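What follows is the content of run_37.cif (mmCIF, C-alpha atoms).
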data_work
#
loop_
_atom_site.label_atom_id
_atom_site.label_comp_id
_atom_site.auth_asym_id
_atom_site.auth_seq_id
_atom_site.Cartn_x
_atom_site.Cartn_y
_atom_site.Cartn_z
CA MET I 1 -17.87 1.80 19.39
CA PRO I 2 -16.18 -1.57 19.90
CA GLU I 3 -14.14 -2.96 17.07
CA PRO I 4 -16.01 -5.60 15.12
CA GLY I 5 -14.88 -9.06 16.20
CA PRO I 6 -14.42 -11.96 13.81
CA SER I 7 -17.55 -13.25 12.16
CA PRO I 8 -19.26 -15.87 14.32
CA SER I 9 -19.19 -18.21 11.35
CA TYR I 10 -16.61 -19.52 8.89
CA ARG I 11 -17.38 -18.94 5.25
CA ARG I 12 -19.20 -21.51 3.17
CA THR I 13 -17.41 -22.68 0.06
CA ASP I 14 -17.96 -25.18 -2.70
CA ARG I 15 -15.93 -27.79 -0.89
CA ASN I 16 -17.03 -27.41 2.69
CA VAL I 17 -20.77 -27.67 2.09
CA PRO I 18 -21.50 -31.41 2.11
CA THR I 19 -23.55 -33.02 -0.62
CA ARG I 20 -25.48 -35.04 1.95
CA SER I 21 -26.69 -34.53 5.53
CA ALA I 22 -26.13 -30.82 5.01
CA ASP I 23 -28.38 -30.23 8.03
CA ARG I 24 -25.60 -31.72 10.16
CA ALA I 25 -23.04 -29.22 8.92
CA SER I 26 -22.14 -26.08 10.85
CA TYR I 27 -19.78 -23.18 10.32
CA ASP I 28 -20.10 -21.81 13.83
CA ARG I 29 -16.74 -20.63 15.11
CA ASP I 30 -17.33 -21.52 18.76
CA LEU I 31 -18.61 -24.98 17.89
CA VAL I 32 -15.56 -25.60 15.69
CA HIS I 33 -13.18 -24.37 18.40
CA GLY I 34 -14.82 -26.60 20.98
CA ILE I 35 -14.47 -29.72 18.83
CA LEU I 36 -10.85 -28.92 18.03
CA ASP I 37 -9.95 -28.13 21.63
CA ALA I 38 -11.37 -31.41 22.93
CA ALA I 39 -8.92 -33.50 20.87
CA TYR I 40 -5.20 -33.60 20.18
CA LEU I 41 -4.94 -36.11 17.35
CA CYS I 42 -5.96 -35.25 13.82
CA HIS I 43 -5.80 -37.01 10.48
CA LEU I 44 -3.83 -34.91 8.03
CA GLY I 45 -4.36 -35.47 4.34
CA PHE I 46 -2.12 -34.33 1.52
CA VAL I 47 -1.41 -35.34 -2.05
CA ARG I 48 1.79 -37.09 -3.04
CA ASP I 49 2.44 -38.01 -6.66
CA GLY I 50 -1.23 -37.45 -7.37
CA ALA I 51 -2.44 -39.87 -4.69
CA PRO I 52 -3.90 -39.10 -1.26
CA VAL I 53 -2.03 -39.76 1.97
CA VAL I 54 -3.75 -39.62 5.37
CA MET I 55 -1.56 -39.67 8.46
CA PRO I 56 -2.43 -39.38 12.11
CA THR I 57 -0.55 -36.60 13.86
CA LEU I 58 -0.72 -34.33 16.90
CA TYR I 59 -1.94 -30.76 16.54
CA THR I 60 -2.89 -27.72 18.54
CA ARG I 61 -5.05 -24.64 18.06
CA ILE I 62 -3.90 -21.13 18.90
CA GLY I 63 -6.61 -18.65 18.04
CA GLU I 64 -7.41 -19.03 14.36
CA ARG I 65 -4.36 -21.13 13.56
CA LEU I 66 -3.67 -24.82 13.80
CA TYR I 67 -0.17 -26.21 14.14
CA VAL I 68 1.14 -29.69 13.48
CA HIS I 69 4.68 -30.81 14.00
CA GLY I 70 6.94 -33.58 12.90
CA SER I 71 10.48 -34.54 12.14
CA THR I 72 12.08 -32.31 9.55
CA GLY I 73 12.51 -35.56 7.58
CA SER I 74 8.85 -36.58 7.46
CA ARG I 75 7.12 -36.46 4.10
CA PRO I 76 4.53 -33.69 4.49
CA LEU I 77 7.00 -31.40 6.24
CA ARG I 78 9.61 -31.89 3.54
CA MET I 79 6.97 -31.37 0.89
CA ALA I 80 5.71 -28.17 2.50
CA ARG I 81 9.08 -26.48 2.35
CA GLY I 82 10.76 -28.22 -0.57
CA GLN I 83 9.21 -26.14 -3.30
CA ALA I 84 9.93 -22.87 -4.97
CA ASP I 85 6.45 -21.86 -3.88
CA PRO I 86 6.24 -23.20 -0.34
CA GLY I 87 3.07 -24.56 1.17
CA LEU I 88 1.26 -27.86 1.05
CA ALA I 89 -2.43 -28.30 0.25
CA VAL I 90 -3.91 -30.21 3.16
CA CYS I 91 -7.18 -31.34 4.68
CA LEU I 92 -7.03 -31.70 8.46
CA THR I 93 -9.86 -33.66 10.07
CA VAL I 94 -10.68 -34.23 13.74
CA THR I 95 -13.38 -36.68 14.80
CA HIS I 96 -14.93 -37.59 18.14
CA VAL I 97 -17.17 -40.65 18.29
CA ASP I 98 -19.86 -40.12 20.93
CA GLY I 99 -22.19 -43.06 20.50
CA LEU I 100 -23.36 -46.04 18.49
CA VAL I 101 -26.86 -45.50 17.17
CA LEU I 102 -28.82 -48.75 16.89
CA ALA I 103 -31.97 -48.49 14.84
CA ARG I 104 -34.52 -51.22 14.24
CA SER I 105 -33.48 -51.33 10.58
CA ALA I 106 -29.91 -52.06 9.51
CA PHE I 107 -30.14 -49.10 7.12
CA HIS I 108 -30.68 -46.51 9.86
CA HIS I 109 -27.75 -47.56 12.01
CA SER I 110 -25.40 -44.65 12.54
CA ILE I 111 -22.98 -43.10 14.95
CA ASN I 112 -23.18 -39.92 16.96
CA TYR I 113 -20.08 -37.87 16.31
CA ARG I 114 -18.55 -34.42 16.19
CA SER I 115 -16.05 -33.70 13.44
CA VAL I 116 -14.23 -30.74 11.99
CA MET I 117 -12.68 -30.57 8.54
CA VAL I 118 -10.19 -27.83 7.67
CA HIS I 119 -9.12 -27.21 4.08
CA GLY I 120 -6.19 -25.02 3.26
CA THR I 121 -2.50 -24.63 2.67
CA ALA I 122 -0.04 -25.53 5.40
CA TYR I 123 3.12 -23.42 5.62
CA PRO I 124 6.34 -24.15 7.46
CA VAL I 125 6.84 -21.93 10.50
CA THR I 126 10.29 -20.42 10.33
CA GLU I 127 10.19 -17.83 13.10
CA GLN I 128 11.77 -19.35 16.22
CA ALA I 129 9.44 -17.79 18.81
CA GLU I 130 6.36 -18.96 16.93
CA ARG I 131 7.85 -22.46 16.57
CA ARG I 132 8.55 -22.66 20.28
CA THR I 133 5.08 -21.40 21.21
CA ALA I 134 3.49 -23.91 18.86
CA LEU I 135 5.54 -26.84 20.17
CA ASP I 136 4.66 -26.00 23.77
CA ALA I 137 1.00 -25.72 22.79
CA ILE I 138 1.08 -29.14 21.10
CA VAL I 139 2.29 -30.67 24.39
CA ASP I 140 -0.36 -28.75 26.32
CA GLN I 141 -3.14 -29.70 23.90
CA ALA I 142 -2.98 -33.30 25.17
CA VAL I 143 -1.95 -32.51 28.76
CA PRO I 144 -2.79 -28.92 29.78
CA GLY I 145 -0.05 -27.53 31.98
CA ARG I 146 2.58 -30.05 30.97
CA SER I 147 4.89 -27.89 28.85
CA ALA I 148 5.76 -25.71 31.85
CA ASP I 149 6.73 -28.89 33.74
CA SER I 150 9.28 -30.29 31.30
CA ARG I 151 12.69 -29.37 29.98
CA PRO I 152 12.20 -26.93 27.07
CA ALA I 153 13.51 -27.85 23.65
CA ASN I 154 17.13 -26.88 23.10
CA THR I 155 18.53 -25.43 19.90
CA LYS I 156 19.36 -28.80 18.40
CA GLU I 157 15.91 -30.20 19.15
CA LEU I 158 14.20 -27.13 17.76
CA ALA I 159 16.22 -27.48 14.57
CA ALA I 160 15.15 -31.12 14.22
CA THR I 161 11.46 -30.31 14.53
CA ALA I 162 9.41 -28.89 11.72
CA VAL I 163 6.17 -27.07 12.42
CA LEU I 164 3.40 -26.41 9.92
CA ARG I 165 0.76 -23.73 10.29
CA LEU I 166 -2.74 -23.96 8.86
CA ASP I 167 -5.10 -21.02 9.16
CA LEU I 168 -8.72 -21.63 10.13
CA ASP I 169 -10.44 -20.17 7.11
CA GLU I 170 -12.22 -22.84 5.11
CA VAL I 171 -13.68 -24.86 7.95
CA SER I 172 -16.77 -26.90 8.65
CA ALA I 173 -18.09 -28.99 11.50
CA LYS I 174 -20.43 -31.91 11.22
CA VAL I 175 -22.35 -33.21 14.22
CA ARG I 176 -24.87 -35.97 14.77
CA THR I 177 -26.66 -36.29 18.09
CA GLY I 178 -29.75 -38.01 19.38
CA GLY I 179 -31.43 -41.34 18.90
CA PRO I 180 -32.19 -43.49 15.88
CA ASN I 181 -34.51 -42.34 13.09
CA ASP I 182 -36.55 -45.41 12.33
CA GLU I 183 -39.19 -45.63 9.65
CA PRO I 184 -42.76 -45.41 11.02
CA GLU I 185 -43.55 -48.90 9.74
CA ASP I 186 -40.62 -50.36 11.72
CA LEU I 187 -41.65 -49.07 15.14
CA SER I 188 -43.31 -52.32 16.19
CA LEU I 189 -40.33 -54.52 15.30
CA PRO I 190 -38.95 -56.46 18.28
CA HIS I 191 -35.36 -55.17 18.10
CA TRP I 192 -33.73 -53.19 20.91
CA THR I 193 -33.13 -49.63 19.76
CA GLY I 194 -31.27 -46.72 21.26
CA VAL I 195 -27.78 -45.34 21.70
CA VAL I 196 -24.70 -46.91 23.25
CA PRO I 197 -22.54 -44.05 24.53
CA VAL I 198 -18.86 -44.22 23.62
CA VAL I 199 -16.73 -42.89 26.47
CA ARG I 200 -13.07 -42.05 26.59
CA GLY I 201 -10.95 -41.60 29.64
CA TYR I 202 -7.59 -42.18 31.22
CA GLY I 203 -6.21 -45.03 33.27
CA ALA I 204 -3.96 -44.59 36.28
CA PRO I 205 -0.65 -43.01 35.19
CA ILE I 206 2.20 -45.52 34.94
CA PRO I 207 5.50 -44.04 36.17
CA ALA I 208 8.59 -44.69 34.08
CA ASP I 209 10.93 -47.37 35.49
CA ASP I 210 13.61 -44.78 36.12
CA LEU I 211 11.38 -42.20 37.81
CA ASP I 212 12.66 -41.11 41.23
CA PRO I 213 9.93 -42.29 43.64
CA ALA I 214 10.22 -38.95 45.42
CA VAL I 215 8.62 -37.20 42.40
CA ALA I 216 4.91 -36.86 43.11
CA LEU I 217 2.17 -37.10 40.50
CA PRO I 218 1.55 -33.52 39.36
CA GLY I 219 -1.86 -31.95 39.84
CA TYR I 220 -2.47 -31.46 36.11
CA LEU I 221 -2.33 -35.27 35.69
CA SER I 222 -4.70 -35.96 38.56
CA ALA I 223 -7.05 -33.48 36.88
CA LEU I 224 -7.09 -35.20 33.48
CA MET B 225 1.08 -80.90 0.76
CA PRO B 226 -1.06 -78.02 2.01
CA GLU B 227 -1.69 -75.16 -0.35
CA PRO B 228 0.54 -72.18 0.37
CA GLY B 229 -1.33 -69.55 2.34
CA PRO B 230 -1.00 -65.83 1.79
CA SER B 231 2.32 -64.30 2.65
CA PRO B 232 2.48 -63.38 6.34
CA SER B 233 3.45 -59.86 5.30
CA TYR B 234 2.16 -57.17 2.98
CA ARG B 235 4.59 -55.93 0.36
CA ARG B 236 6.81 -52.94 0.98
CA THR B 237 6.50 -50.13 -1.54
CA ASP B 238 7.93 -46.70 -2.06
CA ARG B 239 4.96 -45.09 -0.38
CA ASN B 240 4.34 -47.37 2.58
CA VAL B 241 7.87 -47.35 3.99
CA PRO B 242 8.03 -44.26 6.21
CA THR B 243 10.86 -41.80 5.95
CA ARG B 244 11.10 -41.63 9.72
CA SER B 245 10.58 -44.00 12.68
CA ALA B 246 10.82 -46.84 10.17
CA ASP B 247 11.47 -49.15 13.12
CA ARG B 248 7.85 -48.58 14.16
CA ALA B 249 6.51 -49.76 10.80
CA SER B 250 5.24 -53.28 10.22
CA TYR B 251 3.79 -55.18 7.29
CA ASP B 252 2.64 -58.16 9.33
CA ARG B 253 -0.74 -59.35 8.12
CA ASP B 254 -2.01 -60.52 11.52
CA LEU B 255 -0.95 -57.29 13.20
CA VAL B 256 -2.72 -55.24 10.51
CA HIS B 257 -5.89 -57.34 10.77
CA GLY B 258 -5.91 -56.95 14.55
CA ILE B 259 -5.65 -53.17 14.38
CA LEU B 260 -8.36 -52.97 11.71
CA ASP B 261 -10.71 -55.34 13.55
CA ALA B 262 -10.50 -53.37 16.80
CA ALA B 263 -11.97 -50.23 15.21
CA TYR B 264 -14.93 -49.29 13.06
CA LEU B 265 -14.21 -45.69 12.11
CA CYS B 266 -11.56 -44.78 9.56
CA HIS B 267 -10.40 -41.58 7.94
CA LEU B 268 -10.72 -41.88 4.18
CA GLY B 269 -8.62 -39.62 1.99
CA PHE B 270 -9.14 -38.87 -1.66
CA VAL B 271 -8.26 -36.12 -4.10
CA ARG B 272 -10.84 -33.70 -5.42
CA ASP B 273 -9.88 -31.00 -7.91
CA GLY B 274 -6.25 -31.62 -7.01
CA ALA B 275 -6.75 -31.05 -3.28
CA PRO B 276 -6.95 -33.63 -0.50
CA VAL B 277 -10.16 -34.44 1.35
CA VAL B 278 -10.21 -36.50 4.56
CA MET B 279 -13.56 -37.72 5.83
CA PRO B 280 -14.43 -39.93 8.77
CA THR B 281 -16.50 -42.94 7.79
CA LEU B 282 -17.45 -46.42 8.95
CA TYR B 283 -15.73 -49.46 7.46
CA THR B 284 -15.41 -53.19 7.82
CA ARG B 285 -12.90 -55.86 6.93
CA ILE B 286 -13.83 -59.12 5.25
CA GLY B 287 -10.71 -61.17 4.63
CA GLU B 288 -8.37 -59.11 2.49
CA ARG B 289 -10.96 -56.52 1.56
CA LEU B 290 -12.16 -53.38 3.26
CA TYR B 291 -15.58 -51.91 2.61
CA VAL B 292 -16.88 -48.43 3.26
CA HIS B 293 -20.38 -47.24 2.59
CA GLY B 294 -22.21 -44.04 2.13
CA SER B 295 -25.07 -42.35 0.43
CA THR B 296 -25.00 -42.75 -3.33
CA GLY B 297 -24.91 -38.93 -3.33
CA SER B 298 -21.78 -38.49 -1.23
CA ARG B 299 -18.71 -37.11 -2.97
CA PRO B 300 -16.24 -40.02 -2.88
CA LEU B 301 -18.90 -42.52 -3.88
CA ARG B 302 -20.02 -40.40 -6.80
CA MET B 303 -16.42 -39.88 -7.81
CA ALA B 304 -15.63 -43.60 -7.64
CA ARG B 305 -18.29 -44.51 -10.16
CA GLY B 306 -18.63 -41.36 -12.20
CA GLN B 307 -15.76 -41.96 -14.56
CA ALA B 308 -15.20 -43.84 -17.76
CA ASP B 309 -12.48 -45.68 -15.85
CA PRO B 310 -14.12 -46.34 -12.47
CA GLY B 311 -12.22 -46.36 -9.24
CA LEU B 312 -11.02 -43.72 -6.82
CA ALA B 313 -7.47 -43.43 -5.48
CA VAL B 314 -7.77 -43.46 -1.70
CA CYS B 315 -5.77 -43.70 1.48
CA LEU B 316 -7.68 -45.27 4.35
CA THR B 317 -6.20 -44.78 7.81
CA VAL B 318 -7.24 -46.25 11.16
CA THR B 319 -5.69 -45.05 14.42
CA HIS B 320 -5.98 -46.17 18.03
CA VAL B 321 -4.48 -43.91 20.71
CA ASP B 322 -3.28 -46.06 23.62
CA GLY B 323 -1.42 -43.64 25.85
CA LEU B 324 0.12 -40.24 26.41
CA VAL B 325 3.89 -40.51 26.80
CA LEU B 326 5.31 -37.84 29.11
CA ALA B 327 9.06 -37.46 28.95
CA ARG B 328 11.21 -35.17 31.06
CA SER B 329 11.95 -33.09 27.95
CA ALA B 330 9.22 -31.46 25.88
CA PHE B 331 10.92 -32.81 22.75
CA HIS B 332 10.48 -36.48 23.69
CA HIS B 333 6.77 -36.27 24.45
CA SER B 334 4.85 -38.70 22.31
CA ILE B 335 1.82 -40.92 22.17
CA ASN B 336 1.49 -44.67 22.14
CA TYR B 337 -0.66 -45.69 19.21
CA ARG B 338 -1.47 -48.37 16.67
CA SER B 339 -2.32 -47.26 13.16
CA VAL B 340 -2.86 -48.82 9.76
CA MET B 341 -2.61 -47.03 6.44
CA VAL B 342 -4.02 -48.60 3.28
CA HIS B 343 -3.23 -47.18 -0.15
CA GLY B 344 -5.13 -48.25 -3.21
CA THR B 345 -8.05 -47.80 -5.53
CA ALA B 346 -11.59 -48.08 -4.21
CA TYR B 347 -14.17 -49.55 -6.55
CA PRO B 348 -17.95 -49.44 -6.33
CA VAL B 349 -19.49 -52.79 -5.43
CA THR B 350 -22.24 -53.54 -7.92
CA GLU B 351 -23.07 -57.16 -7.13
CA GLN B 352 -26.10 -57.22 -4.82
CA ALA B 353 -25.05 -60.16 -2.63
CA GLU B 354 -21.62 -58.62 -2.00
CA ARG B 355 -23.23 -55.27 -1.19
CA ARG B 356 -25.58 -56.86 1.30
CA THR B 357 -22.81 -58.86 2.95
CA ALA B 358 -20.65 -55.73 3.22
CA LEU B 359 -23.45 -53.62 4.71
CA ASP B 360 -24.22 -56.28 7.33
CA ALA B 361 -20.52 -56.52 8.15
CA ILE B 362 -20.27 -52.72 8.60
CA VAL B 363 -23.05 -52.90 11.20
CA ASP B 364 -21.36 -55.87 12.89
CA GLN B 365 -17.93 -54.22 12.87
CA ALA B 366 -19.14 -51.76 15.53
CA VAL B 367 -21.58 -54.10 17.29
CA PRO B 368 -20.84 -57.77 16.62
CA GLY B 369 -24.08 -59.71 16.27
CA ARG B 370 -26.24 -56.70 15.58
CA SER B 371 -27.01 -57.18 11.88
CA ALA B 372 -28.87 -60.43 12.59
CA ASP B 373 -31.00 -58.53 15.12
CA SER B 374 -32.30 -55.76 12.86
CA ARG B 375 -34.57 -55.44 9.86
CA PRO B 376 -32.47 -56.14 6.72
CA ALA B 377 -32.18 -53.45 4.09
CA ASN B 378 -34.95 -53.51 1.53
CA THR B 379 -34.52 -52.95 -2.18
CA LYS B 380 -35.03 -49.21 -1.97
CA GLU B 381 -32.53 -48.85 0.89
CA LEU B 382 -29.97 -51.01 -0.89
CA ALA B 383 -30.33 -48.85 -3.97
CA ALA B 384 -29.71 -45.70 -1.93
CA THR B 385 -26.50 -47.04 -0.39
CA ALA B 386 -23.22 -47.12 -2.24
CA VAL B 387 -20.46 -49.45 -1.14
CA LEU B 388 -16.80 -49.12 -2.03
CA ARG B 389 -14.29 -51.97 -1.89
CA LEU B 390 -10.59 -51.51 -1.22
CA ASP B 391 -8.26 -54.50 -1.38
CA LEU B 392 -5.61 -54.93 1.30
CA ASP B 393 -2.52 -54.90 -0.86
CA GLU B 394 -0.40 -51.83 -0.17
CA VAL B 395 -0.69 -51.74 3.60
CA SER B 396 1.43 -50.77 6.56
CA ALA B 397 1.00 -50.59 10.30
CA LYS B 398 2.80 -48.26 12.65
CA VAL B 399 2.93 -48.92 16.37
CA ARG B 400 4.52 -47.17 19.32
CA THR B 401 4.51 -48.82 22.74
CA GLY B 402 6.42 -48.39 25.98
CA GLY B 403 7.66 -45.54 28.08
CA PRO B 404 9.42 -42.28 27.27
CA ASN B 405 12.89 -42.16 25.73
CA ASP B 406 14.63 -39.42 27.65
CA GLU B 407 18.17 -38.24 27.03
CA PRO B 408 20.69 -39.60 29.57
CA GLU B 409 21.51 -36.08 30.76
CA ASP B 410 17.83 -35.44 31.57
CA LEU B 411 17.34 -38.40 33.91
CA SER B 412 17.88 -36.37 37.07
CA LEU B 413 15.38 -33.65 36.15
CA PRO B 414 12.56 -33.31 38.67
CA HIS B 415 9.63 -33.83 36.24
CA TRP B 416 7.17 -36.71 36.55
CA THR B 417 7.65 -39.10 33.65
CA GLY B 418 5.71 -42.10 32.41
CA VAL B 419 2.63 -43.04 30.45
CA VAL B 420 -1.01 -42.05 30.95
CA PRO B 421 -3.11 -44.86 29.46
CA VAL B 422 -5.94 -43.78 27.18
CA VAL B 423 -8.93 -46.05 27.62
CA ARG B 424 -12.08 -46.35 25.62
CA GLY B 425 -15.30 -47.97 26.65
CA TYR B 426 -19.05 -47.82 26.54
CA GLY B 427 -21.59 -46.24 28.84
CA ALA B 428 -24.89 -47.83 29.79
CA PRO B 429 -27.08 -48.20 26.67
CA ILE B 430 -29.81 -45.54 26.44
CA PRO B 431 -33.06 -46.97 25.09
CA ALA B 432 -34.91 -44.95 22.46
CA ASP B 433 -37.95 -43.06 23.74
CA ASP B 434 -40.25 -45.23 21.68
CA LEU B 435 -38.72 -48.58 22.66
CA ASP B 436 -41.26 -51.07 24.01
CA PRO B 437 -40.14 -51.62 27.64
CA ALA B 438 -40.76 -55.35 27.12
CA VAL B 439 -37.75 -55.53 24.76
CA ALA B 440 -34.77 -56.67 26.83
CA LEU B 441 -31.21 -55.52 26.29
CA PRO B 442 -29.66 -58.09 23.95
CA GLY B 443 -26.68 -60.12 25.08
CA TYR B 444 -24.37 -58.74 22.38
CA LEU B 445 -24.82 -55.27 23.91
CA SER B 446 -24.14 -56.42 27.46
CA ALA B 447 -20.97 -58.02 26.06
CA LEU B 448 -19.60 -54.84 24.43
#
Produce structure tokens that represent the structure in this file.
Amino acid sequence: MPEPGPSPSYRRTDRNVPTRSADRASYDRDLVHGILDAAYLCHLGFVRDGAPVVMPTLYTRIGERLYVHGSTGSRPLRMARGQADPGLAVCLTVTHVDGLVLARSAFHHSINYRSVMVHGTAYPVTEQAERRTALDAIVDQAVPGRSADSRPANTKELAATAVLRLDLDEVSAKVRTGGPNDEPEDLSLPHWTGVVPVVRGYGAPIPADDLDPAVALPGYLSAL
Amino acid sequence: MPEPGPSPSYRRTDRNVPTRSADRASYDRDLVHGILDAAYLCHLGFVRDGAPVVMPTLYTRIGERLYVHGSTGSRPLRMARGQADPGLAVCLTVTHVDGLVLARSAFHHSINYRSVMVHGTAYPVTEQAERRTALDAIVDQAVPGRSADSRPANTKELAATAVLRLDLDEVSAKVRTGGPNDEPEDLSLPHWTGVVPVVRGYGAPIPADDLDPAVALPGYLSAL
């Protein structure tokens, strides 16, 4: 018999079941992975002196682990390792905006979005091989294939970079799709109603001033 | 003599001066307003049972105040009003990604971005006129001109919507622009280097299934 794989769903907990729009919440592992893999910037929350801090930062997913990196001097990375009991309570959130939803009533205006929220404790990664793998994956999360086409970090650079690991355990996705939900009595109002898609893309790559003109644009950039 | 206007800069505090890349930080009021006005989605952080929570939500700016809204049943809005001493400590962060910065070394990869972080206490808005103004402005933040072309909230809808206010007081911006910063000894490496612009736009509006075909697309949508 095959070994049992991981559950297809993350577990529900007191803090990842929303108090509203619970029908938009999902704990499906594949859905969560898809939302995480389609982005590279997250908003990382932690508590400092009792108050919340939310900072944008790059991340990557490797299996059931997320990694974020930063200077060894940055606040969350110092906080994560600067304690007798290491680890930093975090909430890592990733959001894609897919559309503006225009209803006939101001009240029913909304956006279509896909978001993932991860609660947990982030730990500093101390093992060198895991640090290197994570740093390469962070580069590849934004530009797949790029880490193999750049000069790898040297010992000094590795030492200057802190990496935090956050396991995917207490995780939820929230997704809204579709058109507006107007009240029946509003359907004859004369306002335009529908969805304005929000699209994201890339402009033509701008070579650095000092790039040797003989260096061609790599295929992984044309493919973006 | 003219009355003195507000200071052109927000105040520096212990928690809004970054420990790293401090040269990228700014407290310039106009810069902050510009970054806030170019977005409509923020990531709002607060502390629940000692742990951070980061949720995406819509916001608007009116002068030196930000407003976010939500169901009266949502967690941060219940928390903000459910105390003898009302108010909820929050960190509200807005981030635009402008480009992927590809250096010759993995270490110097970065992104170009503009972000604003606001620390403070969010208070429930109880005055009806201010609530209505804020809700209209939240609709107009994403689609300027839209609130005047929709059915205003009625009493029941207003009662179901909570609005939080956060004053712009402890505020910082962080901005990275320009190309990669490679090490001098890496300049002859054969890797493509430069910036891939990240662009955001809108697709063609998709009318709702039940929209009367006689209703034309309004000018404020063509202008998006």
Ala447 (chain B) environment, 12 Å, all atoms listed in the file, sequence neighbours closer than 6 positions dropped, as a VMD selection string | chain B and resid 367 to 370 425 to 426 428 to 429 441
Picked residues, the PyMOL selection byres ((chain I) within 7 of (chain B)), as a PyMOL selection string | chain I and resi 19-20+43+45-47+51-56+73-75+89-93+95+104-107+147+149-153+157+179+190-208+211+215-217
Reference answer for the PyMOL selection byres ((chain I and resi 9) around 10), as number ranges by chain | I: 6-8, 10-12, 26-32, 169, 171-172
Take CA of Lys156 (chain I) and CA of Ala246 (chain B) and report the distance between them in Å, one decimal.
-> 21.6 Å
Point-to-point distance from CA of Leu36 (chain I) to CA of His69 (chain I), Å rounded to tenths = 16.2 Å
Rounded to one decimal place, report the CA of Asp238 (chain B)-CA of Arg165 (chain I) distance in Å.
->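 If I compute the distance from CA of Asp238 (chain B) to CA of Arg165 (chain I), I get 27.0 Å.
The residue that comes closest to Ala304 (chain B), out of B:Ala353, B:Val399, B:Leu392, B:Ala346 and on the basis of only C-alpha atoms, is B:Ala346.
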Option closest in space to Asp85 (chain I), from I:Gln141, I:Tyr123, I:Arg114, I:Ile62 [counting only C-alpha atoms] =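 Using only C-alpha atoms, the shortest distance to Asp85 (chain I) belongs to I:Tyr123.
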Identify which of the residues B:Thr357, B:Thr401, B:Leu290, B:Ser446 lies closest to Leu388 (chain B), counting all atoms listed in the file when measuring atom-to-atom distances.
-> B:Leu290
Please write out, as AutoDock Vina command-line options, where the centre of an axis-aligned box around all listed atoms of region 308-324 of chain B lies and how long its edges are, in Å to one decimal, after adding 5 Å on each side.
--center_x -7.5 --center_y -43.3 --center_z 4.3 --size_x 25.3 --size_y 16.1 --size_z 54.2
